[in-house]
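Student: Contents are mmCIF, C-alpha atoms; chains and numbers go by the auth columns; file name run_14.cif:
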data_work
loop_
_atom_site.group_PDB
_atom_site.id
_atom_site.type_symbol
_atom_site.label_atom_id
_atom_site.label_comp_id
_atom_site.label_asym_id
_atom_site.label_seq_id
_atom_site.Cartn_x
_atom_site.Cartn_y
_atom_site.Cartn_z
_atom_site.B_iso_or_equiv
_atom_site.auth_seq_id
_atom_site.auth_asym_id
ATOM 1 C CA MET A 1 -125.202 -26.250 -152.896 0.00 575 I
ATOM 2 C CA LEU A 2 -126.636 -24.593 -149.812 0.00 576 I
ATOM 3 C CA ASN A 3 -127.949 -21.074 -150.079 0.00 577 I
ATOM 4 C CA PRO A 4 -126.301 -18.411 -147.880 0.00 578 I
ATOM 5 C CA PRO A 5 -128.095 -17.700 -144.587 0.00 579 I
ATOM 6 C CA LYS A 6 -130.759 -15.025 -144.752 0.00 580 I
ATOM 7 C CA PRO A 7 -130.293 -12.033 -142.449 0.00 581 I
ATOM 8 C CA ALA A 8 -133.823 -12.313 -141.097 0.00 582 I
ATOM 9 C CA VAL A 9 -134.535 -15.089 -138.620 0.00 583 I
ATOM 10 C CA HIS A 10 -138.115 -16.309 -138.540 0.00 584 I
ATOM 11 C CA LYS A 11 -139.778 -17.557 -135.381 0.00 585 I
ATOM 12 C CA THR A 12 -140.555 -20.871 -137.020 0.00 586 I
ATOM 13 C CA SER A 13 -136.946 -21.615 -137.924 0.00 587 I
ATOM 14 C CA PRO A 14 -134.565 -23.715 -135.798 0.00 588 I
ATOM 15 C CA GLU A 15 -132.195 -20.723 -135.744 0.00 589 I
ATOM 16 C CA PHE A 16 -134.722 -18.735 -133.737 0.00 590 I
ATOM 17 C CA LEU A 17 -134.904 -21.484 -131.146 0.00 591 I
ATOM 18 C CA GLU A 18 -131.213 -21.071 -130.443 0.00 592 I
ATOM 19 C CA HIS A 19 -131.282 -17.292 -130.120 0.00 593 I
ATOM 20 C CA VAL A 20 -133.321 -17.266 -126.950 0.00 594 I
ATOM 21 C CA MET A 21 -130.871 -18.972 -124.606 0.00 595 I
ATOM 22 C CA TRP A 22 -127.955 -16.818 -125.636 0.00 596 I
ATOM 23 C CA ASN A 23 -130.090 -13.652 -125.640 0.00 597 I
ATOM 24 C CA GLY A 24 -130.961 -14.338 -122.022 0.00 598 I
ATOM 25 C CA LEU A 25 -127.290 -14.439 -121.146 0.00 599 I
ATOM 26 C CA PHE A 26 -126.586 -11.294 -123.143 0.00 600 I
ATOM 27 C CA PHE A 27 -129.299 -9.090 -121.709 0.00 601 I
ATOM 28 C CA GLY A 28 -129.040 -10.517 -118.218 0.00 602 I
ATOM 29 C CA LEU A 29 -125.331 -10.637 -117.531 0.00 603 I
ATOM 30 C CA VAL A 30 -123.138 -9.519 -120.413 0.00 604 I
ATOM 31 C CA SER A 31 -122.147 -5.920 -121.089 0.00 605 I
ATOM 32 C CA LEU A 32 -119.824 -4.069 -123.435 0.00 606 I
ATOM 33 C CA PHE A 33 -117.145 -4.444 -120.770 0.00 607 I
ATOM 34 C CA THR A 34 -117.252 -8.247 -120.876 0.00 608 I
ATOM 35 C CA PRO A 35 -114.087 -9.603 -122.531 0.00 609 I
ATOM 36 C CA GLN A 36 -114.394 -11.213 -125.943 0.00 610 I
ATOM 37 C CA ALA A 37 -113.359 -14.872 -125.977 0.00 611 I
ATOM 38 C CA SER A 38 -112.184 -16.433 -129.220 0.00 612 I
ATOM 39 C CA LEU A 39 -114.651 -18.743 -130.917 0.00 613 I
ATOM 40 C CA PRO A 40 -113.499 -21.845 -132.804 0.00 614 I
ATOM 41 C CA ASP A 41 -113.117 -21.649 -136.570 0.00 615 I
ATOM 42 C CA THR A 42 -114.862 -23.968 -139.009 0.00 616 I
ATOM 43 C CA ALA A 43 -111.949 -26.418 -139.080 0.00 617 I
ATOM 44 C CA ALA A 44 -112.103 -26.838 -135.300 0.00 618 I
ATOM 45 C CA MET A 45 -115.855 -27.377 -135.414 0.00 619 I
ATOM 46 C CA LYS A 46 -115.483 -30.036 -138.102 0.00 620 I
ATOM 47 C CA VAL A 47 -113.128 -31.878 -135.763 0.00 621 I
ATOM 48 C CA GLU A 48 -115.743 -31.590 -133.012 0.00 622 I
ATOM 49 C CA ILE A 49 -118.359 -33.079 -135.344 0.00 623 I
ATOM 50 C CA GLU A 50 -116.162 -36.035 -136.249 0.00 624 I
ATOM 51 C CA GLN A 51 -115.401 -36.702 -132.594 0.00 625 I
ATOM 52 C CA PHE A 52 -119.084 -36.518 -131.675 0.00 626 I
ATOM 53 C CA ALA A 53 -119.814 -39.026 -134.448 0.00 627 I
ATOM 54 C CA GLN A 54 -117.402 -41.483 -132.840 0.00 628 I
ATOM 55 C CA VAL A 55 -119.603 -41.515 -129.749 0.00 629 I
ATOM 56 C CA TYR A 56 -123.140 -41.045 -131.086 0.00 630 I
ATOM 57 C CA THR A 57 -124.913 -42.234 -134.204 0.00 631 I
ATOM 58 C CA ILE A 58 -125.372 -39.211 -136.473 0.00 632 I
ATOM 59 C CA ASP A 59 -125.313 -38.604 -140.227 0.00 633 I
ATOM 60 C CA THR A 60 -122.358 -36.234 -140.575 0.00 634 I
ATOM 61 C CA GLN A 61 -122.839 -35.867 -144.336 0.00 635 I
ATOM 62 C CA ARG A 62 -125.899 -33.716 -143.637 0.00 636 I
ATOM 63 C CA ILE A 63 -123.951 -31.276 -141.462 0.00 637 I
ATOM 64 C CA HIS A 64 -122.271 -28.151 -142.818 0.00 638 I
ATOM 65 C CA VAL A 65 -120.293 -25.594 -140.809 0.00 639 I
ATOM 66 C CA ARG A 66 -120.206 -21.905 -141.651 0.00 640 I
ATOM 67 C CA GLU A 67 -118.387 -18.998 -140.104 0.00 641 I
ATOM 68 C CA SER A 68 -120.717 -16.004 -139.961 0.00 642 I
ATOM 69 C CA THR A 69 -120.892 -12.510 -138.510 0.00 643 I
ATOM 70 C CA MET A 70 -124.520 -12.059 -137.548 0.00 644 I
ATOM 71 C CA ASN A 71 -125.783 -9.092 -135.594 0.00 645 I
ATOM 72 C CA ASN A 72 -126.992 -11.064 -132.581 0.00 646 I
ATOM 73 C CA PRO A 73 -125.404 -12.449 -129.404 0.00 647 I
ATOM 74 C CA SER A 74 -125.614 -16.156 -130.275 0.00 648 I
ATOM 75 C CA PRO A 75 -122.137 -17.715 -130.565 0.00 649 I
ATOM 76 C CA PHE A 76 -123.569 -20.819 -132.263 0.00 650 I
ATOM 77 C CA LEU A 77 -126.743 -21.284 -134.291 0.00 651 I
ATOM 78 C CA THR A 78 -128.202 -24.291 -136.044 0.00 652 I
ATOM 79 C CA ASN A 79 -130.492 -24.206 -139.051 0.00 653 I
ATOM 80 C CA SER A 80 -131.703 -27.712 -139.762 0.00 654 I
ATOM 81 C CA GLY A 81 -134.029 -29.425 -142.172 0.00 655 I
ATOM 82 C CA ILE A 82 -134.569 -32.867 -143.625 0.00 656 I
ATOM 83 C CA LYS A 83 -131.800 -32.570 -146.219 0.00 657 I
ATOM 84 C CA ALA A 84 -129.161 -30.641 -144.295 0.00 658 I
ATOM 85 C CA CYS A 85 -128.187 -29.061 -141.003 0.00 659 I
ATOM 86 C CA VAL A 86 -126.060 -25.914 -141.003 0.00 660 I
ATOM 87 C CA LEU A 87 -124.073 -25.012 -137.899 0.00 661 I
ATOM 88 C CA HIS A 88 -123.092 -21.339 -137.814 0.00 662 I
ATOM 89 C CA VAL A 89 -120.183 -20.060 -135.739 0.00 663 I
ATOM 90 C CA ASN A 90 -121.019 -16.415 -135.167 0.00 664 I
ATOM 91 C CA GLN A 91 -117.897 -14.258 -134.899 0.00 665 I
ATOM 92 C CA HIS A 92 -119.808 -11.103 -133.911 0.00 666 I
ATOM 93 C CA ALA A 93 -118.309 -9.166 -130.978 0.00 667 I
ATOM 94 C CA ASP A 94 -121.432 -9.640 -128.840 0.00 668 I
ATOM 95 C CA ALA A 95 -121.369 -13.386 -129.485 0.00 669 I
ATOM 96 C CA LYS A 96 -117.757 -13.503 -128.316 0.00 670 I
ATOM 97 C CA ARG A 97 -118.761 -11.702 -125.110 0.00 671 I
ATOM 98 C CA VAL A 98 -121.543 -14.210 -124.467 0.00 672 I
ATOM 99 C CA TRP A 99 -119.121 -17.072 -125.095 0.00 673 I
ATOM 100 C CA SER A 100 -116.655 -15.460 -122.681 0.00 674 I
ATOM 101 C CA HIS A 101 -119.302 -15.292 -119.967 0.00 675 I
ATOM 102 C CA PHE A 102 -120.342 -18.904 -120.526 0.00 676 I
ATOM 103 C CA LEU A 103 -116.723 -20.028 -120.172 0.00 677 I
ATOM 104 C CA ASP A 104 -116.277 -18.064 -116.941 0.00 678 I
ATOM 105 C CA SER A 105 -116.627 -21.031 -114.589 0.00 679 I
ATOM 106 C CA GLY A 106 -113.615 -20.233 -112.439 0.00 680 I
ATOM 107 C CA HIS A 107 -111.893 -23.455 -113.499 0.00 681 I
ATOM 108 C CA GLU A 108 -108.762 -23.132 -115.582 0.00 682 I
ATOM 109 C CA GLY A 109 -108.481 -25.508 -118.514 0.00 683 I
ATOM 110 C CA ALA A 110 -112.211 -26.220 -118.795 0.00 684 I
ATOM 111 C CA GLU A 111 -112.745 -24.444 -122.131 0.00 685 I
ATOM 112 C CA PRO A 112 -112.431 -27.615 -124.285 0.00 686 I
ATOM 113 C CA ALA A 113 -115.096 -29.265 -122.137 0.00 687 I
ATOM 114 C CA PHE A 114 -117.462 -26.320 -122.630 0.00 688 I
ATOM 115 C CA LEU A 115 -116.825 -26.484 -126.366 0.00 689 I
ATOM 116 C CA ALA A 116 -117.548 -30.220 -126.291 0.00 690 I
ATOM 117 C CA PHE A 117 -120.837 -29.567 -124.486 0.00 691 I
ATOM 118 C CA THR A 118 -121.855 -26.784 -126.859 0.00 692 I
ATOM 119 C CA SER A 119 -120.937 -28.788 -129.956 0.00 693 I
ATOM 120 C CA ALA A 120 -122.945 -31.761 -128.724 0.00 694 I
ATOM 121 C CA HIS A 121 -125.869 -29.495 -127.835 0.00 695 I
ATOM 122 C CA GLU A 122 -125.973 -28.010 -131.338 0.00 696 I
ATOM 123 C CA LEU A 123 -125.437 -31.375 -133.029 0.00 697 I
ATOM 124 C CA THR A 124 -128.385 -32.802 -131.119 0.00 698 I
ATOM 125 C CA HIS A 125 -130.554 -30.298 -132.997 0.00 699 I
ATOM 126 C CA CYS A 126 -129.063 -31.666 -136.222 0.00 700 I
ATOM 127 C CA LEU A 127 -129.748 -35.187 -135.011 0.00 701 I
ATOM 128 C CA MET A 128 -133.386 -34.366 -134.287 0.00 702 I
ATOM 129 C CA SER A 129 -133.881 -33.157 -137.863 0.00 703 I
ATOM 130 C CA GLU A 130 -133.060 -36.622 -139.202 0.00 704 I
ATOM 131 C CA LYS A 131 -136.169 -38.437 -140.386 0.00 705 I
ATOM 132 C CA GLY A 132 -138.171 -40.007 -137.570 0.00 706 I
ATOM 133 C CA LYS A 133 -135.763 -39.097 -134.769 0.00 707 I
ATOM 134 C CA ARG A 134 -137.716 -36.282 -133.090 0.00 708 I
ATOM 135 C CA VAL A 135 -140.987 -38.158 -132.556 0.00 709 I
ATOM 136 C CA THR A 136 -139.315 -41.288 -131.200 0.00 710 I
ATOM 137 C CA ALA A 137 -136.909 -39.451 -128.913 0.00 711 I
ATOM 138 C CA LYS A 138 -139.575 -37.092 -127.580 0.00 712 I
ATOM 139 C CA GLN A 139 -141.904 -39.939 -126.687 0.00 713 I
ATOM 140 C CA ALA A 140 -139.118 -41.876 -124.970 0.00 714 I
ATOM 141 C CA LEU A 141 -137.898 -38.905 -122.934 0.00 715 I
ATOM 142 C CA GLN A 142 -141.415 -37.899 -121.892 0.00 716 I
ATOM 143 C CA GLU A 143 -142.107 -41.434 -120.687 0.00 717 I
ATOM 144 C CA HIS A 144 -138.818 -41.503 -118.785 0.00 718 I
ATOM 145 C CA LEU A 145 -139.476 -38.161 -117.084 0.00 719 I
ATOM 146 C CA GLY A 146 -143.214 -38.683 -116.656 0.00 720 I
ATOM 147 C CA ILE A 147 -143.987 -35.262 -118.122 0.00 721 I
ATOM 148 C CA GLN A 148 -145.368 -33.621 -121.242 0.00 722 I
ATOM 149 C CA PHE A 149 -143.049 -31.053 -122.776 0.00 723 I
ATOM 150 C CA LYS A 150 -144.522 -27.619 -123.402 0.00 724 I
ATOM 151 C CA ASN A 151 -143.646 -27.891 -127.094 0.00 725 I
ATOM 152 C CA ASN A 152 -140.895 -29.129 -129.414 0.00 726 I
ATOM 153 C CA VAL A 153 -138.628 -26.253 -128.399 0.00 727 I
ATOM 154 C CA HIS A 154 -138.736 -27.288 -124.757 0.00 728 I
ATOM 155 C CA PHE A 155 -138.149 -30.924 -125.700 0.00 729 I
ATOM 156 C CA GLU A 156 -135.193 -30.280 -128.006 0.00 730 I
ATOM 157 C CA GLU A 157 -133.457 -27.876 -125.648 0.00 731 I
ATOM 158 C CA THR A 158 -133.820 -30.345 -122.795 0.00 732 I
ATOM 159 C CA LEU A 159 -132.537 -33.245 -124.870 0.00 733 I
ATOM 160 C CA ALA A 160 -129.676 -31.159 -126.285 0.00 734 I
ATOM 161 C CA ASP A 161 -128.525 -30.243 -122.774 0.00 735 I
ATOM 162 C CA LEU A 162 -128.748 -33.868 -121.658 0.00 736 I
ATOM 163 C CA VAL A 163 -126.788 -35.195 -124.632 0.00 737 I
ATOM 164 C CA GLY A 164 -124.249 -32.387 -124.271 0.00 738 I
ATOM 165 C CA LEU A 165 -123.630 -33.314 -120.645 0.00 739 I
ATOM 166 C CA ALA A 166 -123.530 -37.035 -121.415 0.00 740 I
ATOM 167 C CA TYR A 167 -120.945 -36.335 -124.100 0.00 741 I
ATOM 168 C CA VAL A 168 -118.721 -34.355 -121.736 0.00 742 I
ATOM 169 C CA GLN A 169 -119.030 -37.132 -119.168 0.00 743 I
ATOM 170 C CA LYS A 170 -117.652 -39.563 -121.743 0.00 744 I
ATOM 171 C CA VAL A 171 -114.896 -37.547 -123.392 0.00 745 I
ATOM 172 C CA MET A 172 -113.753 -35.221 -120.581 0.00 746 I
ATOM 173 C CA PRO A 173 -115.112 -36.674 -117.332 0.00 747 I
ATOM 174 C CA GLU A 174 -112.671 -34.662 -115.233 0.00 748 I
ATOM 175 C CA TYR A 175 -114.614 -31.509 -116.175 0.00 749 I
ATOM 176 C CA PHE A 176 -118.114 -32.970 -116.084 0.00 750 I
ATOM 177 C CA GLU A 177 -119.067 -31.462 -112.715 0.00 751 I
ATOM 178 C CA VAL A 178 -117.781 -28.039 -113.777 0.00 752 I
ATOM 179 C CA VAL A 179 -119.853 -28.007 -116.967 0.00 753 I
ATOM 180 C CA TYR A 180 -122.862 -29.603 -115.273 0.00 754 I
ATOM 181 C CA ARG A 181 -123.005 -26.969 -112.530 0.00 755 I
ATOM 182 C CA ARG A 182 -122.556 -24.136 -115.021 0.00 756 I
ATOM 183 C CA VAL A 183 -125.296 -25.338 -117.368 0.00 757 I
ATOM 184 C CA LYS A 184 -127.756 -26.110 -114.583 0.00 758 I
ATOM 185 C CA SER A 185 -127.119 -22.730 -112.965 0.00 759 I
ATOM 186 C CA ILE A 186 -127.755 -20.856 -116.211 0.00 760 I
ATOM 187 C CA ARG A 187 -130.880 -22.851 -117.022 0.00 761 I
ATOM 188 C CA THR A 188 -132.247 -22.316 -113.507 0.00 762 I
ATOM 189 C CA ASP A 189 -131.420 -18.603 -113.389 0.00 763 I
ATOM 190 C CA PHE A 190 -133.269 -17.937 -116.644 0.00 764 I
ATOM 191 C CA SER A 191 -136.145 -20.385 -116.144 0.00 765 I
ATOM 192 C CA ASN A 192 -138.727 -17.679 -115.447 0.00 766 I
ATOM 193 C CA ARG A 193 -137.633 -15.496 -118.339 0.00 767 I
ATOM 194 C CA ASP A 194 -137.240 -18.378 -120.754 0.00 768 I
ATOM 195 C CA PRO A 195 -139.373 -21.384 -119.652 0.00 769 I
ATOM 196 C CA GLU A 196 -139.148 -23.112 -123.039 0.00 770 I
ATOM 197 C CA HIS A 197 -135.398 -23.500 -122.509 0.00 771 I
ATOM 198 C CA ASP A 198 -135.635 -24.547 -118.863 0.00 772 I
ATOM 199 C CA SER A 199 -134.120 -28.021 -118.739 0.00 773 I
ATOM 200 C CA SER A 200 -133.030 -27.718 -115.103 0.00 774 I
ATOM 201 C CA ARG A 201 -135.473 -30.278 -113.676 0.00 775 I
ATOM 202 C CA ALA A 202 -134.312 -32.927 -116.130 0.00 776 I
ATOM 203 C CA LEU A 203 -130.604 -32.381 -115.500 0.00 777 I
ATOM 204 C CA ASN A 204 -129.819 -35.302 -113.225 0.00 778 I
ATOM 205 C CA THR A 205 -127.529 -38.306 -113.545 0.00 779 I
ATOM 206 C CA HIS A 206 -130.300 -40.807 -114.323 0.00 780 I
ATOM 207 C CA THR A 207 -131.784 -38.758 -117.152 0.00 781 I
ATOM 208 C CA ILE A 208 -128.366 -37.877 -118.563 0.00 782 I
ATOM 209 C CA ALA A 209 -127.600 -41.607 -118.701 0.00 783 I
ATOM 210 C CA PHE A 210 -130.974 -42.278 -120.340 0.00 784 I
ATOM 211 C CA ALA A 211 -130.334 -39.686 -123.063 0.00 785 I
ATOM 212 C CA ASP A 212 -126.875 -41.118 -123.599 0.00 786 I
ATOM 213 C CA GLN A 213 -128.080 -44.664 -124.196 0.00 787 I
ATOM 214 C CA MET A 214 -130.654 -43.517 -126.762 0.00 788 I
ATOM 215 C CA PHE A 215 -127.939 -42.493 -129.233 0.00 789 I
ATOM 216 C CA SER A 216 -124.676 -43.985 -127.979 0.00 790 I
ATOM 217 C CA LYS A 217 -122.603 -46.333 -130.100 0.00 791 I
ATOM 218 C CA THR A 218 -121.551 -49.594 -128.501 0.00 792 I
ATOM 219 C CA ASP A 219 -117.865 -49.166 -129.345 0.00 793 I
ATOM 220 C CA THR A 220 -117.439 -45.750 -127.715 0.00 794 I
ATOM 221 C CA ILE A 221 -113.884 -44.760 -126.821 0.00 795 I
ATOM 222 C CA ARG A 222 -112.766 -42.096 -124.398 0.00 796 I
ATOM 223 C CA LEU A 223 -111.507 -39.474 -126.817 0.00 797 I
ATOM 224 C CA ALA A 224 -109.513 -37.606 -124.205 0.00 798 I
ATOM 225 C CA ASP A 225 -107.432 -40.724 -123.570 0.00 799 I
ATOM 226 C CA ALA A 226 -106.947 -41.160 -127.301 0.00 800 I
ATOM 227 C CA GLY A 227 -105.210 -37.789 -127.404 0.00 801 I
ATOM 228 C CA THR A 228 -107.709 -36.132 -129.714 0.00 802 I
ATOM 229 C CA ARG A 229 -108.265 -33.146 -127.432 0.00 803 I
#
Now that the file is in, can you turn its structure into structure tokens?

Tutor:
Amino acid sequence: MLNPPKPAVHKTSPEFLEHVMWNGLFFGLVSLFTPQASLPDTAAMKVEIEQFAQVYTIDTQRIHVRESTMNNPSPFLTNSGIKACVLHVNQHADAKRVWSHFLDSGHEGAEPAFLAFTSAHELTHCLMSEKGKRVTAKQALQEHLGIQFKNNVHFEETLADLVGLAYVQKVMPEYFEVVYRRVKSIRTDFSNRDPEHDSSRALNTHTIAFADQMFSKTDTIRLADAGTR
């Protein structure tokens, strides 16, 4: 049985890696006057996980979803290790404001696509905690891009964005451009403040396709057509 999450978040934990992106949004753009958007419950996130597993190879038995109320602005946090990966849905008021701002793309009906992106982003962190996955994927992506990542944080955030976008392109292609522009804009705007999370230079169609083929199953179906969303 998994232990309950500790209130303190250490800088060496995967949870800390997720705080930074959302903190940038909170302190840069979100105020107490920002509306609070509803976050999915654990049942909805479990559906997202199962749908992601239809597209990409991932060990879903390692993944656990928890609804939390943590005093920080991160709507979603992952805490992963070799044995398990815990995905927290943070129902704190500030987290709901950050989620509201992220969804504010000006395109009605795009919320499921943003949830698909975010779920895939978080699940990529779970995927990277599977034995042997991080080293292999990092080497492959560095060779593809012709760069050396600053550290594992920079690598994982870049890969998570790429897989998230590739996933949206597969399951909700009609909203791909909306999500792509929103993610790239946010990553670019906060690149100076948060360089470890700056994936903007890698966010192009060729690299998204490369990330997709690293983990994609051969029998992928378009979930939107299957009526699962």

Student: Apply the PyMOL selection byres ((chain I and resi 662) around 6) to the displayed file and report the matching residues as a PyMOL selection string.

Tutor: chain I and resi 639-641+650-651+661+663-664

Student: Calculate how many Å separate CA of Ala669 in chain I from CA of Ala611 in chain I, rounding to one decimal.

Tutor: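 These atoms are spaced 8.9 Å apart.
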
Student: Enumerate, as a ChimeraX atom specification, the residues matched when the PyMOL selection byres ((chain I and resi 689-697) around 9) is run on the file above.

Tutor: /I:592,614,619,622-623,626,632,637,650-652,659,661,677,684-688,698-702,731,733-742,745-746,753

Student: Those selected residues, please, written with C-alpha atoms and delivered as an mmCIF file, in the coordinates of the input.

Tutor:
data_model
loop_
_atom_site.group_PDB
_atom_site.id
_atom_site.type_symbol
_atom_site.label_atom_id
_atom_site.label_comp_id
_atom_site.auth_asym_id
_atom_site.auth_seq_id
_atom_site.Cartn_x
_atom_site.Cartn_y
_atom_site.Cartn_z
ATOM 1 C CA GLU I 592 -131.213 -21.071 -130.443
ATOM 2 C CA PRO I 614 -113.499 -21.845 -132.804
ATOM 3 C CA MET I 619 -115.855 -27.377 -135.414
ATOM 4 C CA GLU I 622 -115.743 -31.590 -133.012
ATOM 5 C CA ILE I 623 -118.359 -33.079 -135.344
ATOM 6 C CA PHE I 626 -119.084 -36.518 -131.675
ATOM 7 C CA ILE I 632 -125.372 -39.211 -136.473
ATOM 8 C CA ILE I 637 -123.951 -31.276 -141.462
ATOM 9 C CA PHE I 650 -123.569 -20.819 -132.263
ATOM 10 C CA LEU I 651 -126.743 -21.284 -134.291
ATOM 11 C CA THR I 652 -128.202 -24.291 -136.044
ATOM 12 C CA CYS I 659 -128.187 -29.061 -141.003
ATOM 13 C CA LEU I 661 -124.073 -25.012 -137.899
ATOM 14 C CA LEU I 677 -116.723 -20.028 -120.172
ATOM 15 C CA ALA I 684 -112.211 -26.220 -118.795
ATOM 16 C CA GLU I 685 -112.745 -24.444 -122.131
ATOM 17 C CA PRO I 686 -112.431 -27.615 -124.285
ATOM 18 C CA ALA I 687 -115.096 -29.265 -122.137
ATOM 19 C CA PHE I 688 -117.462 -26.320 -122.630
ATOM 20 C CA THR I 698 -128.385 -32.802 -131.119
ATOM 21 C CA HIS I 699 -130.554 -30.298 -132.997
ATOM 22 C CA CYS I 700 -129.063 -31.666 -136.222
ATOM 23 C CA LEU I 701 -129.748 -35.187 -135.011
ATOM 24 C CA MET I 702 -133.386 -34.366 -134.287
ATOM 25 C CA GLU I 731 -133.457 -27.876 -125.648
ATOM 26 C CA LEU I 733 -132.537 -33.245 -124.870
ATOM 27 C CA ALA I 734 -129.676 -31.159 -126.285
ATOM 28 C CA ASP I 735 -128.525 -30.243 -122.774
ATOM 29 C CA LEU I 736 -128.748 -33.868 -121.658
ATOM 30 C CA VAL I 737 -126.788 -35.195 -124.632
ATOM 31 C CA GLY I 738 -124.249 -32.387 -124.271
ATOM 32 C CA LEU I 739 -123.630 -33.314 -120.645
ATOM 33 C CA ALA I 740 -123.530 -37.035 -121.415
ATOM 34 C CA TYR I 741 -120.945 -36.335 -124.100
ATOM 35 C CA VAL I 742 -118.721 -34.355 -121.736
ATOM 36 C CA VAL I 745 -114.896 -37.547 -123.392
ATOM 37 C CA MET I 746 -113.753 -35.221 -120.581
ATOM 38 C CA VAL I 753 -119.853 -28.007 -116.967
#

Student: Considering all atoms listed in the file, can you say which of I:Ser648, I:Ser790, I:Ser612, I:Ser703 comes closest to Gln628 in chain I?

Tutor: I:Ser790

Student: Of the residues I:Lys791, I:Lys724, I:Ser679, I:Lys712, which is the one nearest to Glu751 in chain I, using all atoms listed in the file?

Tutor: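 Using all atoms listed in the file, the shortest distance to Glu751 in chain I belongs to I:Ser679.
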
Student: Write out as a list in words which residues come within 12 Å of Gln713 in chain I when counting only C-alpha atoms, dropping same-chain ones fewer than 3 positions away.

Tutor: Gly706, Lys707, Arg708, Val709, Thr710, Gln716, Glu717, His718, Leu719, Gly720, Ile721, Gln722, Phe723, Asn726, Phe729, Glu730, Leu733 and Met788 of chain I

Student: How far is it from CA of Val621 in chain I to CA of Gln665 in chain I, in Å with one decimal?

Tutor: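 Spanning CA of Val621 in chain I to CA of Gln665 in chain I is a straight-line distance of 18.3 Å.
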
Student: Could you give me the axis-aligned bounding box of range 704-717 of chain I, with 5 Å of padding per side, as centre plus edge lengths in Å to one decimal, as lines of an AutoDock Vina configuration file?

Tutor:
center_x = -137.6
center_y = -39.1
center_z = -130.5
size_x = 19.0
size_y = 15.6
size_z = 29.7

Student: Please determine, counting only C-alpha atoms, which residue among I:Lys744, I:Arg756, I:His675, I:His728 has the shortest atom-to-atom distance to Val629 in chain I.

Tutor: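 Of I:Lys744, I:Arg756, I:His675, I:His728, the one nearest Val629 in chain I is I:Lys744, counting only C-alpha atoms.
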
Student: Mind completing range 695-699 of chain I with all heavy atoms? Output as a short mmCIF file (atom, residue, chain, number, x, y, z; two decimals), in the frame of the given file, please?

Tutor:
data_model
loop_
_atom_site.label_atom_id
_atom_site.label_comp_id
_atom_site.auth_asym_id
_atom_site.auth_seq_id
_atom_site.Cartn_x
_atom_site.Cartn_y
_atom_site.Cartn_z
N HIS I 695 -124.54 -30.12 -127.93
CA HIS I 695 -125.87 -29.50 -127.84
C HIS I 695 -126.38 -29.13 -129.23
O HIS I 695 -127.51 -29.48 -129.60
CB HIS I 695 -125.79 -28.25 -126.95
CG HIS I 695 -127.08 -27.50 -126.83
ND1 HIS I 695 -127.86 -27.55 -125.71
CD2 HIS I 695 -127.73 -26.68 -127.71
CE1 HIS I 695 -128.94 -26.80 -125.89
NE2 HIS I 695 -128.87 -26.26 -127.10
N GLU I 696 -125.55 -28.43 -130.00
CA GLU I 696 -125.97 -28.01 -131.34
C GLU I 696 -126.19 -29.21 -132.26
O GLU I 696 -127.14 -29.25 -133.05
CB GLU I 696 -124.93 -27.07 -131.94
CG GLU I 696 -124.69 -25.79 -131.16
CD GLU I 696 -125.93 -24.91 -131.06
OE1 GLU I 696 -126.81 -25.00 -131.94
OE2 GLU I 696 -126.03 -24.14 -130.09
N LEU I 697 -125.32 -30.20 -132.16
CA LEU I 697 -125.44 -31.38 -133.03
C LEU I 697 -126.66 -32.22 -132.69
O LEU I 697 -127.17 -32.95 -133.54
CB LEU I 697 -124.16 -32.22 -132.95
CG LEU I 697 -122.94 -31.56 -133.60
CD1 LEU I 697 -121.68 -32.36 -133.28
CD2 LEU I 697 -123.12 -31.43 -135.11
N THR I 698 -127.14 -32.11 -131.46
CA THR I 698 -128.38 -32.80 -131.12
C THR I 698 -129.55 -32.21 -131.91
O THR I 698 -130.46 -32.94 -132.32
CB THR I 698 -128.66 -32.72 -129.61
OG1 THR I 698 -127.56 -33.30 -128.90
CG2 THR I 698 -129.93 -33.47 -129.23
N HIS I 699 -129.52 -30.91 -132.15
CA HIS I 699 -130.55 -30.30 -133.00
C HIS I 699 -130.46 -30.86 -134.42
O HIS I 699 -131.49 -31.13 -135.06
CB HIS I 699 -130.40 -28.78 -133.02
CG HIS I 699 -130.75 -28.12 -131.72
ND1 HIS I 699 -132.01 -28.19 -131.16
CD2 HIS I 699 -130.00 -27.38 -130.87
CE1 HIS I 699 -132.03 -27.52 -130.02
NE2 HIS I 699 -130.82 -27.01 -129.82
#
